[in-house]
>>> print(open('input-v4.tsv').read())   # TSV, C-alpha atoms
chain	number	residue	atom	x	y	z
D	1	MET	CA	4.50	-11.37	41.11
D	2	ASN	CA	5.49	-8.38	43.23
D	3	LYS	CA	8.12	-7.43	40.66
D	4	LEU	CA	5.37	-6.89	38.09
D	5	LEU	CA	3.55	-4.37	40.27
D	6	PRO	CA	4.59	-0.68	40.24
D	7	ALA	CA	6.68	0.60	43.14
D	8	PHE	CA	4.70	3.55	44.43
D	9	PRO	CA	6.41	6.19	46.61
D	10	ALA	CA	5.74	6.00	50.33
D	11	TYR	CA	3.74	9.24	50.19
D	12	ALA	CA	1.42	7.99	47.41
D	13	THR	CA	-2.23	8.14	48.40
D	14	PRO	CA	-4.92	5.69	47.28
D	15	LEU	CA	-6.14	8.41	44.89
D	16	ASP	CA	-2.64	8.66	43.37
D	17	LYS	CA	-2.58	4.89	42.83
D	18	LEU	CA	-6.05	4.95	41.30
D	19	GLY	CA	-4.97	7.74	38.94
D	20	TRP	CA	-1.88	5.74	37.95
D	21	TRP	CA	-3.96	2.69	37.03
D	22	ALA	CA	-6.62	4.81	35.32
D	23	MET	CA	-4.00	6.52	33.14
D	24	ARG	CA	-2.52	3.21	32.08
D	25	ALA	CA	-5.96	1.76	31.36
D	26	PHE	CA	-6.77	4.82	29.24
D	27	CYS	CA	-3.50	4.49	27.29
D	28	ILE	CA	-4.14	0.79	26.65
D	29	GLY	CA	-7.67	1.63	25.48
D	30	VAL	CA	-6.33	4.22	23.05
D	31	LEU	CA	-3.78	1.75	21.66
D	32	VAL	CA	-6.45	-0.91	21.19
D	33	PHE	CA	-8.71	1.63	19.47
D	34	LEU	CA	-5.92	2.60	17.06
D	35	LEU	CA	-4.59	-0.91	16.38
D	36	ALA	CA	-7.84	-2.87	16.17
D	37	PRO	CA	-8.83	-1.66	12.67
D	38	ILE	CA	-5.38	-2.68	11.43
D	39	LEU	CA	-5.26	-6.07	13.12
D	40	VAL	CA	-8.72	-7.19	11.97
D	41	ILE	CA	-7.39	-7.15	8.39
D	42	ILE	CA	-5.01	-10.03	9.08
D	43	PRO	CA	-7.63	-12.80	9.64
D	44	LEU	CA	-9.55	-11.59	6.57
D	45	SER	CA	-6.53	-12.31	4.38
D	46	PHE	CA	-6.88	-16.02	5.25
D	47	SER	CA	-10.61	-16.22	4.53
D	48	ASP	CA	-11.87	-18.50	1.75
D	49	SER	CA	-14.73	-16.11	1.07
D	50	SER	CA	-14.66	-13.79	-1.94
D	51	PHE	CA	-15.83	-10.91	0.23
D	52	LEU	CA	-14.43	-9.07	3.23
D	53	ALA	CA	-16.81	-10.22	5.93
D	54	TYR	CA	-17.00	-11.52	9.47
D	55	PRO	CA	-17.54	-14.19	10.70
D	56	ILE	CA	-15.02	-15.95	8.51
D	57	PRO	CA	-16.68	-18.99	6.87
D	58	GLY	CA	-13.43	-20.87	6.30
D	59	TRP	CA	-9.69	-20.57	6.09
D	60	SER	CA	-7.51	-20.54	2.99
D	61	THR	CA	-4.30	-19.09	1.58
D	62	LYS	CA	-5.68	-18.73	-1.93
D	63	TRP	CA	-5.57	-14.92	-1.76
D	64	TYR	CA	-1.83	-15.05	-1.13
D	65	ASP	CA	-1.52	-17.40	-4.09
D	66	ASN	CA	-3.54	-14.93	-6.16
D	67	LEU	CA	-1.29	-12.11	-4.99
D	68	PHE	CA	1.92	-13.82	-6.07
D	69	THR	CA	0.54	-15.15	-9.35
D	70	SER	CA	-1.34	-12.05	-10.50
D	71	ALA	CA	0.42	-10.02	-13.18
D	72	GLU	CA	-1.04	-6.75	-11.90
D	73	TRP	CA	0.08	-7.24	-8.30
D	74	SER	CA	3.49	-8.52	-9.36
D	75	ARG	CA	4.02	-5.46	-11.55
D	76	ALA	CA	2.91	-3.16	-8.72
D	77	ALA	CA	5.32	-4.84	-6.27
D	78	LYS	CA	8.16	-4.58	-8.77
D	79	ASN	CA	7.46	-0.87	-9.31
D	80	SER	CA	7.38	-0.22	-5.55
D	81	PHE	CA	10.75	-1.92	-5.12
D	82	ILE	CA	12.16	0.12	-8.00
D	83	VAL	CA	10.90	3.54	-6.90
D	84	ALA	CA	11.29	3.29	-3.10
D	85	PRO	CA	14.96	2.17	-2.93
D	86	ALA	CA	16.03	4.67	-5.62
D	87	ALA	CA	14.19	7.50	-3.88
D	88	THR	CA	15.69	6.42	-0.53
D	89	VAL	CA	19.25	6.55	-1.87
D	90	ILE	CA	18.74	10.05	-3.28
D	91	ALA	CA	16.91	11.32	-0.18
D	92	THR	CA	19.53	9.87	2.18
D	93	THR	CA	22.43	11.34	0.23
D	94	LEU	CA	20.95	14.83	-0.13
D	95	GLY	CA	19.48	14.92	3.39
D	96	THR	CA	22.75	13.82	5.02
D	97	LEU	CA	24.87	16.33	3.09
D	98	ALA	CA	22.41	19.13	3.85
D	99	ALA	CA	22.39	18.24	7.55
D	100	VAL	CA	26.19	18.19	7.76
D	101	GLY	CA	26.41	21.53	5.98
D	102	LEU	CA	23.79	23.16	8.20
D	103	ALA	CA	25.37	21.80	11.39
D	104	ARG	CA	28.89	23.01	10.57
D	105	THR	CA	28.21	26.56	9.42
D	106	ASN	CA	26.28	29.61	10.53
D	107	PHE	CA	25.07	32.11	7.95
D	108	PRO	CA	22.26	34.63	7.52
D	109	PHE	CA	18.80	33.20	6.86
D	110	LYS	CA	19.86	29.75	8.01
D	111	GLY	CA	16.47	29.29	9.68
D	112	LEU	CA	14.68	30.27	6.47
D	113	LEU	CA	16.70	27.74	4.48
D	114	MET	CA	15.90	25.05	7.05
D	115	SER	CA	12.20	25.87	6.74
D	116	LEU	CA	12.37	25.53	2.97
D	117	LEU	CA	14.18	22.19	3.20
D	118	ILE	CA	11.57	20.65	5.51
D	119	ALA	CA	8.62	22.21	3.66
D	120	PRO	CA	7.66	18.89	1.95
D	121	MET	CA	6.79	17.55	5.41
D	122	VAL	CA	4.11	20.22	6.01
D	123	VAL	CA	2.82	21.11	2.55
D	124	PRO	CA	-0.45	19.25	1.83
D	125	ILE	CA	0.32	16.20	-0.27
D	126	VAL	CA	-2.45	17.03	-2.75
D	127	VAL	CA	-0.76	20.37	-3.45
D	128	VAL	CA	2.52	18.52	-4.02
D	129	GLY	CA	0.82	16.09	-6.38
D	130	VAL	CA	-0.88	18.76	-8.50
D	131	SER	CA	2.13	21.07	-8.68
D	132	THR	CA	4.61	18.32	-9.54
D	133	TYR	CA	2.28	16.89	-12.18
D	134	LEU	CA	1.99	20.29	-13.87
D	135	PHE	CA	5.76	20.74	-13.73
D	136	PHE	CA	6.74	17.32	-15.06
D	137	ALA	CA	3.98	17.29	-17.68
D	138	ASN	CA	5.43	20.46	-19.20
D	139	ILE	CA	8.86	18.88	-19.59
D	140	GLY	CA	7.59	15.51	-20.78
D	141	LEU	CA	8.42	13.46	-17.67
D	142	ALA	CA	4.88	12.69	-16.50
D	143	ASP	CA	4.07	8.97	-16.37
D	144	SER	CA	7.71	8.08	-15.79
D	145	TYR	CA	9.86	6.47	-13.12
D	146	THR	CA	12.08	9.54	-13.11
D	147	ALA	CA	9.32	11.86	-11.94
D	148	LEU	CA	8.13	9.42	-9.26
D	149	ILE	CA	11.63	8.87	-7.89
D	150	ILE	CA	12.45	12.59	-7.80
D	151	VAL	CA	9.24	13.55	-5.98
D	152	HIS	CA	9.44	10.62	-3.56
D	153	ALA	CA	13.03	11.59	-2.80
D	154	ALA	CA	11.91	15.17	-2.12
D	155	LEU	CA	9.25	13.86	0.28
D	156	GLY	CA	11.72	11.64	2.12
D	157	ALA	CA	14.72	13.98	2.31
D	158	PRO	CA	13.28	16.15	5.16
D	159	PHE	CA	13.05	13.07	7.39
D	160	VAL	CA	16.71	12.30	6.76
D	161	LEU	CA	17.64	15.95	7.31
D	162	THR	CA	15.92	16.27	10.69
D	163	THR	CA	17.14	12.87	11.92
D	164	VAL	CA	20.77	13.47	10.97
D	165	LEU	CA	20.67	17.02	12.38
D	166	ALA	CA	19.46	15.61	15.71
D	167	THR	CA	22.35	13.13	15.66
D	168	LEU	CA	24.87	15.86	14.86
D	169	GLN	CA	23.83	17.83	17.95
D	170	GLY	CA	25.99	15.52	20.05
D	171	PHE	CA	28.80	15.22	17.53
D	172	ASN	CA	32.20	16.49	18.65
D	173	GLN	CA	33.52	18.74	15.88
D	174	ASN	CA	37.01	18.47	17.37
D	175	LEU	CA	37.20	15.04	15.75
D	176	VAL	CA	36.88	16.66	12.33
D	177	ARG	CA	39.48	19.32	13.17
D	178	ALA	CA	41.88	16.64	14.41
D	179	SER	CA	41.44	14.64	11.23
D	180	LEU	CA	42.04	17.67	9.02
D	181	SER	CA	45.09	18.70	11.06
D	182	LEU	CA	46.60	15.25	10.53
D	183	GLY	CA	46.45	15.64	6.76
D	184	ALA	CA	43.16	14.00	5.80
D	185	ASN	CA	41.12	15.79	3.14
D	186	PRO	CA	37.47	16.76	3.83
D	187	VAL	CA	36.07	13.82	1.85
D	188	ALA	CA	38.17	11.25	3.70
D	189	THR	CA	37.31	12.93	7.00
D	190	PHE	CA	33.60	12.67	6.26
D	191	PHE	CA	33.67	8.98	5.36
D	192	ARG	CA	36.16	7.88	8.04
D	193	VAL	CA	35.23	10.14	10.97
D	194	THR	CA	31.85	11.84	10.60
D	195	LEU	CA	29.80	9.16	8.85
D	196	PRO	CA	30.62	6.26	11.23
D	197	VAL	CA	29.54	8.40	14.20
D	198	ILE	CA	26.27	9.62	12.68
D	199	ALA	CA	25.49	6.30	10.94
D	200	PRO	CA	22.57	5.41	13.28
D	201	GLY	CA	20.90	8.74	12.45
D	202	VAL	CA	21.52	8.29	8.73
D	203	ILE	CA	20.08	4.77	8.75
D	204	SER	CA	17.06	5.90	10.79
D	205	GLY	CA	16.40	8.71	8.33
D	206	ALA	CA	16.78	6.31	5.42
D	207	LEU	CA	14.19	3.98	6.95
D	208	PHE	CA	11.76	6.88	7.32
D	209	ALA	CA	12.42	7.94	3.73
D	210	PHE	CA	11.88	4.40	2.47
D	211	ALA	CA	8.60	4.02	4.38
D	212	THR	CA	7.42	7.41	3.10
D	213	SER	CA	8.09	6.45	-0.50
D	214	PHE	CA	6.81	2.89	-0.20
D	215	ASP	CA	3.45	3.95	1.32
D	216	GLU	CA	2.86	7.08	-0.78
D	217	VAL	CA	-0.26	7.03	-2.97
D	218	VAL	CA	-1.47	10.59	-3.65
D	219	VAL	CA	1.54	11.75	-5.69
D	220	THR	CA	1.57	8.38	-7.45
D	221	LEU	CA	-2.02	8.93	-8.55
D	222	PHE	CA	-0.95	12.13	-10.30
D	223	LEU	CA	2.42	11.10	-11.72
D	224	ALA	CA	2.32	7.36	-12.39
D	225	GLY	CA	1.13	5.92	-15.67
D	226	PRO	CA	-0.19	2.38	-16.26
D	227	ASN	CA	3.35	0.98	-16.21
D	228	GLN	CA	4.38	2.73	-12.98
D	229	VAL	CA	1.54	1.58	-10.71
D	230	THR	CA	2.86	0.90	-7.20
D	231	LEU	CA	1.39	-1.30	-4.47
D	232	PRO	CA	-0.46	1.53	-2.66
D	233	ARG	CA	-1.99	2.74	-5.92
D	234	GLN	CA	-2.97	-0.79	-6.91
D	235	MET	CA	-4.66	-1.18	-3.53
D	236	PHE	CA	-6.45	2.14	-4.01
D	237	THR	CA	-7.65	1.02	-7.44
D	238	GLY	CA	-8.80	-2.32	-6.06
D	239	ILE	CA	-10.80	-0.65	-3.30
D	240	ARG	CA	-12.55	1.60	-5.83
D	241	GLU	CA	-13.31	-1.07	-8.45
D	242	ASN	CA	-13.37	-4.56	-6.94
D	243	ILE	CA	-12.76	-5.28	-3.27
D	244	THR	CA	-11.34	-8.75	-2.73
D	245	PRO	CA	-9.41	-10.36	0.14
D	246	THR	CA	-6.30	-10.04	-2.01
D	247	ILE	CA	-6.15	-6.46	-0.72
D	248	ALA	CA	-6.21	-7.84	2.83
D	249	ALA	CA	-3.31	-10.14	1.94
D	250	VAL	CA	-1.30	-7.19	0.60
D	251	ALA	CA	-2.18	-5.13	3.66
D	252	THR	CA	-1.03	-7.96	5.95
D	253	LEU	CA	2.32	-8.20	4.21
D	254	LEU	CA	2.72	-4.40	4.38
D	255	ILE	CA	1.90	-4.45	8.10
D	256	ILE	CA	4.61	-7.06	8.68
D	257	PHE	CA	7.06	-5.16	6.50
D	258	THR	CA	6.40	-1.80	8.17
D	259	THR	CA	6.55	-3.33	11.65
D	260	SER	CA	9.92	-4.85	10.78
D	261	LEU	CA	11.18	-1.42	9.74
D	262	LEU	CA	9.98	0.12	13.01
D	263	LEU	CA	11.61	-2.64	15.05
D	264	ALA	CA	14.86	-2.09	13.17
D	265	LEU	CA	14.58	1.62	13.88
D	266	GLU	CA	14.05	1.03	17.60
D	267	TRP	CA	17.03	-1.33	17.63
D	268	LEU	CA	19.19	1.38	16.07
D	269	ARG	CA	17.97	3.92	18.61
D	270	GLY	CA	18.81	1.52	21.40
D	271	ARG	CA	22.34	1.08	20.05
D	272	ARG	CA	22.72	4.84	19.77
D	273	ARG	CA	21.74	5.31	23.43
>>> encode(input="input-v4.tsv", output="C-alpha cells")
Amino acid sequence: MNKLLPAFPAYATPLDKLGWWAMRAFCIGVLVFLLAPILVIIPLSFSDSSFLAYPIPGWSTKWYDNLFTSAEWSRAAKNSFIVAPAATVIATTLGTLAAVGLARTNFPFKGLLMSLLIAPMVVPIVVVGVSTYLFFANIGLADSYTALIIVHAALGAPFVLTTVLATLQGFNQNLVRASLSLGANPVATFFRVTLPVIAPGVISGALFAFATSFDEVVVTLFLAGPNQVTLPRQMFTGIRENITPTIAAVATLLIIFTTSLLLALEWLRGRRR
C-alpha cells in the first residue's frame, strides 16, 4: 500500500502535500469532464430504444446490426477506407521527403517555406473547404474521390512534416555521409540508412494523417458528392435529419478505432525512447 503513495521530500510541509493532492484531484476532474460526454455514448449504442435517452429501457445490439446491414452506412464506411488510406500514403510520402530536405539543407527563407508547409494546420477549415471547392469546381473535379484525397493529404502532410522533423533532430548525419562515401547512391542511402532510423516518426506522422483524414467532415461537406459520403459526413447528415442510436454505434466503433491508434502511437513513442 505504501508503494502506491507518493514519496514526498523530507522538507515538504502539510500545505505542500495538500497542494499535491489538490492538483491531482483537479486534473482527474478535468479528465472526467472531458471524457464523460464521449463515454456516455457507448451505453446508448446498446439501447433497444429508437431514441437517444437515459435511463436505458433495455439492451440490444440491433443498432450494430442496422449499421452493418444498411447500404448507406456501408457505402460511407467503404468511402472512408478508400479516402483515408490513399490520403495517408500521399501525405506520408510528401511530408517525409519535405522533412528530410528541410533538415539537410539551409537556404534563404527556409522559415517562410516551413510556415507555408504547415499552413493547413492553422488555416480555418471552413476557409480550406470553400477555397478548395471553388478550385476543384473550376477544373471539373468537384464531387470526386480525387479532390477529397488531395485535400485530405494536404491536411495530413503537416503532421507528418513536423513529426519527422522532430525525429530528424537527433539523427546523426554522419551515417548518411558514411553511406555515400562507401558507394551507395542517395536513394539507397535513404531507404537503408535514414528511413529505418526515422521510421517511428514516419509511422507516428502517418497515424496522425490517417486520423485527420478519417475524422474530417467540413471539407467533405464541400467536396463530396452523393457517392463520396464518408462516415463523419453520414453521421452529420443523420444528426441533422434523423437521430437514431445507429449514430451512437458508429461513434462507439470510432472511439475504439481512434483509441487503438493512440495506443499504437504511444507504443511507438515508447520504443523510440
>>> residues_near_point(input="input-v4.tsv", point="(-2.2, -13.8, -5.3)", cutoff="12 Å", atoms="all atoms listed in the file", output="PyMOL selection string")
chain D and resi 45-46+60-74+77+244-250+253
>>> write_last_selection(input="input-v4.tsv", atoms="C-alpha atoms", output="PDB file, keeping the file's coordinate frame")
ATOM      1  CA  SER D  45      -6.530 -12.310   4.380  1.00  0.00           C
ATOM      2  CA  PHE D  46      -6.880 -16.020   5.250  1.00  0.00           C
ATOM      3  CA  SER D  60      -7.510 -20.540   2.990  1.00  0.00           C
ATOM      4  CA  THR D  61      -4.300 -19.090   1.580  1.00  0.00           C
ATOM      5  CA  LYS D  62      -5.680 -18.730  -1.930  1.00  0.00           C
ATOM      6  CA  TRP D  63      -5.570 -14.920  -1.760  1.00  0.00           C
ATOM      7  CA  TYR D  64      -1.830 -15.050  -1.130  1.00  0.00           C
ATOM      8  CA  ASP D  65      -1.520 -17.400  -4.090  1.00  0.00           C
ATOM      9  CA  ASN D  66      -3.540 -14.930  -6.160  1.00  0.00           C
ATOM     10  CA  LEU D  67      -1.290 -12.110  -4.990  1.00  0.00           C
ATOM     11  CA  PHE D  68       1.920 -13.820  -6.070  1.00  0.00           C
ATOM     12  CA  THR D  69       0.540 -15.150  -9.350  1.00  0.00           C
ATOM     13  CA  SER D  70      -1.340 -12.050 -10.500  1.00  0.00           C
ATOM     14  CA  ALA D  71       0.420 -10.020 -13.180  1.00  0.00           C
ATOM     15  CA  GLU D  72      -1.040  -6.750 -11.900  1.00  0.00           C
ATOM     16  CA  TRP D  73       0.080  -7.240  -8.300  1.00  0.00           C
ATOM     17  CA  SER D  74       3.490  -8.520  -9.360  1.00  0.00           C
ATOM     18  CA  ALA D  77       5.320  -4.840  -6.270  1.00  0.00           C
ATOM     19  CA  THR D 244     -11.340  -8.750  -2.730  1.00  0.00           C
ATOM     20  CA  PRO D 245      -9.410 -10.360   0.140  1.00  0.00           C
ATOM     21  CA  THR D 246      -6.300 -10.040  -2.010  1.00  0.00           C
ATOM     22  CA  ILE D 247      -6.150  -6.460  -0.720  1.00  0.00           C
ATOM     23  CA  ALA D 248      -6.210  -7.840   2.830  1.00  0.00           C
ATOM     24  CA  ALA D 249      -3.310 -10.140   1.940  1.00  0.00           C
ATOM     25  CA  VAL D 250      -1.300  -7.190   0.600  1.00  0.00           C
ATOM     26  CA  LEU D 253       2.320  -8.200   4.210  1.00  0.00           C
TER      27      LEU D 253
END
>>> atom_distance(input="input-v4.tsv", atom1="CA of Pro85 (chain D)", atom2="CA of Gly170 (chain D)")
28.8 Å
>>> axis_aligned_box(input="input-v4.tsv", around="region 145-150 of chain D", padding_each_side="4 Å", output="lines of an AutoDock Vina configuration file")
center_x = 10.3
center_y = 9.5
center_z = -10.5
size_x = 12.3
size_y = 14.1
size_z = 13.3
>>> atom_distance(input="input-v4.tsv", atom1="CA of Val202 (chain D)", atom2="CA of Leu161 (chain D)")
8.7 Å
>>> closest_residue(input="input-v4.tsv", among="D:Ile125, D:Leu261, D:Leu117, D:Ala36", to="Phe214 (chain D)", atoms="all atoms listed in the file")
D:Leu261
>>> atom_distance(input="input-v4.tsv", atom1="CA of Ala154 (chain D)", atom2="CA of Ala87 (chain D)")
8.2 Å
>>> closest_residue(input="input-v4.tsv", among="D:Thr189, D:Ser181, D:Thr259, D:Thr212", to="Ala91 (chain D)", atoms="all atoms listed in the file")
D:Thr212
>>> closest_residue(input="input-v4.tsv", among="D:Leu265, D:Leu182, D:Leu134, D:Leu148", to="Val229 (chain D)", atoms="all atoms listed in the file")
D:Leu148
>>> residues_around(input="input-v4.tsv", residues="Phe190 (chain D)", least_positions_apart="6", cutoff="12 Å", atoms="only C-alpha atoms", output="list in words")
Thr96, Leu97, Val100, Gly101, Gln173, Leu175, Val176, Arg177, Ser179, Leu180, Ala184, Pro196, Val197, Ile198 and Ala199 of chain D
>>> write_last_selection(input="input-v4.tsv", atoms="C-alpha atoms", output="PDB file, in the frame of the given file")
ATOM      1  CA  THR D  96      22.750  13.820   5.020  1.00  0.00           C
ATOM      2  CA  LEU D  97      24.870  16.330   3.090  1.00  0.00           C
ATOM      3  CA  VAL D 100      26.190  18.190   7.760  1.00  0.00           C
ATOM      4  CA  GLY D 101      26.410  21.530   5.980  1.00  0.00           C
ATOM      5  CA  GLN D 173      33.520  18.740  15.880  1.00  0.00           C
ATOM      6  CA  LEU D 175      37.200  15.040  15.750  1.00  0.00           C
ATOM      7  CA  VAL D 176      36.880  16.660  12.330  1.00  0.00           C
ATOM      8  CA  ARG D 177      39.480  19.320  13.170  1.00  0.00           C
ATOM      9  CA  SER D 179      41.440  14.640  11.230  1.00  0.00           C
ATOM     10  CA  LEU D 180      42.040  17.670   9.020  1.00  0.00           C
ATOM     11  CA  ALA D 184      43.160  14.000   5.800  1.00  0.00           C
ATOM     12  CA  PRO D 196      30.620   6.260  11.230  1.00  0.00           C
ATOM     13  CA  VAL D 197      29.540   8.400  14.200  1.00  0.00           C
ATOM     14  CA  ILE D 198      26.270   9.620  12.680  1.00  0.00           C
ATOM     15  CA  ALA D 199      25.490   6.300  10.940  1.00  0.00           C
TER      16      ALA D 199
END
>>> residues_around(input="input-v4.tsv", residues="region 220-228 of chain D", least_positions_apart="2", cutoff="8 Å", atoms="only C-alpha atoms", output="PyMOL selection string")
chain D and resi 75-76+79+129-130+132-133+142-145+147-148+216-218+230+233
>>> residues_around(input="input-v4.tsv", residues="Ile149 (chain D)", least_positions_apart="6", cutoff="9 Å", atoms="all atoms listed in the file", output="list in words")
Ile82, Val83, Ala84, Pro85, Ala86, Ala87, Thr88, Ile90 and Ser213 of chain D
>>> closest_residue(input="input-v4.tsv", among="D:Ala166, D:Ile150, D:Leu94, D:Ala251", to="Leu44 (chain D)", atoms="all atoms listed in the file")
D:Ala251
>>> closest_residue(input="input-v4.tsv", among="D:Ile239, D:Ala119, D:Cys27, D:Ala264", to="Phe51 (chain D)", atoms="all atoms listed in the file")
D:Ile239
>>> closest_residue(input="input-v4.tsv", among="D:Pro108, D:Tyr54, D:Thr93, D:Phe208", to="Met121 (chain D)", atoms="all atoms listed in the file")
D:Phe208
>>> residues_around(input="input-v4.tsv", residues="Ile56 (chain D)", least_positions_apart="5", cutoff="8 Å", atoms="all atoms listed in the file", output="PyMOL selection string")
chain D and resi 44+47-49
>>> decode(input="input-v4.tsv", residues="region 247-265 of chain D", atoms="N, CA and C atoms", output="mmCIF file, in the first residue's frame")
data_model
loop_
_atom_site.group_PDB
_atom_site.id
_atom_site.type_symbol
_atom_site.label_atom_id
_atom_site.label_comp_id
_atom_site.auth_asym_id
_atom_site.auth_seq_id
_atom_site.Cartn_x
_atom_site.Cartn_y
_atom_site.Cartn_z
ATOM 1 N N ILE D 247 -26.169 6.067 -34.868
ATOM 2 C CA ILE D 247 -25.080 7.040 -34.778
ATOM 3 C C ILE D 247 -24.220 6.750 -33.550
ATOM 4 N N ALA D 248 -24.860 6.361 -32.444
ATOM 5 C CA ALA D 248 -24.100 6.004 -31.243
ATOM 6 C C ALA D 248 -23.248 4.768 -31.487
ATOM 7 N N ALA D 249 -23.773 3.812 -32.263
ATOM 8 C CA ALA D 249 -22.992 2.615 -32.584
ATOM 9 C C ALA D 249 -21.768 2.980 -33.415
ATOM 10 N N VAL D 250 -21.956 3.854 -34.409
ATOM 11 C CA VAL D 250 -20.823 4.304 -35.224
ATOM 12 C C VAL D 250 -19.814 5.037 -34.355
ATOM 13 N N ALA D 251 -20.314 5.919 -33.496
ATOM 14 C CA ALA D 251 -19.423 6.692 -32.624
ATOM 15 C C ALA D 251 -18.623 5.768 -31.710
ATOM 16 N N THR D 252 -19.255 4.712 -31.202
ATOM 17 C CA THR D 252 -18.554 3.761 -30.333
ATOM 18 C C THR D 252 -17.419 3.076 -31.079
ATOM 19 N N LEU D 253 -17.705 2.633 -32.295
ATOM 20 C CA LEU D 253 -16.665 1.981 -33.089
ATOM 21 C C LEU D 253 -15.528 2.951 -33.418
ATOM 22 N N LEU D 254 -15.867 4.216 -33.693
ATOM 23 C CA LEU D 254 -14.831 5.215 -33.973
ATOM 24 C C LEU D 254 -13.995 5.512 -32.733
ATOM 25 N N ILE D 255 -14.635 5.510 -31.557
ATOM 26 C CA ILE D 255 -13.894 5.714 -30.310
ATOM 27 C C ILE D 255 -12.889 4.593 -30.112
ATOM 28 N N ILE D 256 -13.328 3.358 -30.335
ATOM 29 C CA ILE D 256 -12.426 2.209 -30.193
ATOM 30 C C ILE D 256 -11.301 2.288 -31.216
ATOM 31 N N PHE D 257 -11.646 2.649 -32.439
ATOM 32 C CA PHE D 257 -10.653 2.723 -33.505
ATOM 33 C C PHE D 257 -9.625 3.823 -33.213
ATOM 34 N N THR D 258 -10.099 5.002 -32.826
ATOM 35 C CA THR D 258 -9.190 6.108 -32.535
ATOM 36 C C THR D 258 -8.319 5.808 -31.321
ATOM 37 N N THR D 259 -8.913 5.209 -30.304
ATOM 38 C CA THR D 259 -8.131 4.844 -29.114
ATOM 39 C C THR D 259 -7.035 3.851 -29.463
ATOM 40 N N SER D 260 -7.347 2.914 -30.355
ATOM 41 C CA SER D 260 -6.335 1.953 -30.796
ATOM 42 C C SER D 260 -5.181 2.650 -31.502
ATOM 43 N N LEU D 261 -5.511 3.654 -32.330
ATOM 44 C CA LEU D 261 -4.459 4.416 -32.998
ATOM 45 C C LEU D 261 -3.583 5.149 -31.988
ATOM 46 N N LEU D 262 -4.203 5.756 -30.979
ATOM 47 C CA LEU D 262 -3.428 6.486 -29.969
ATOM 48 C C LEU D 262 -2.547 5.537 -29.153
ATOM 49 N N LEU D 263 -3.066 4.370 -28.826
ATOM 50 C CA LEU D 263 -2.256 3.391 -28.097
ATOM 51 C C LEU D 263 -1.077 2.928 -28.940
ATOM 52 N N ALA D 264 -1.313 2.728 -30.239
ATOM 53 C CA ALA D 264 -0.214 2.360 -31.124
ATOM 54 C C ALA D 264 0.828 3.468 -31.199
ATOM 55 N N LEU D 265 0.352 4.719 -31.208
ATOM 56 C CA LEU D 265 1.269 5.847 -31.246
ATOM 57 C C LEU D 265 2.115 5.918 -29.980
#
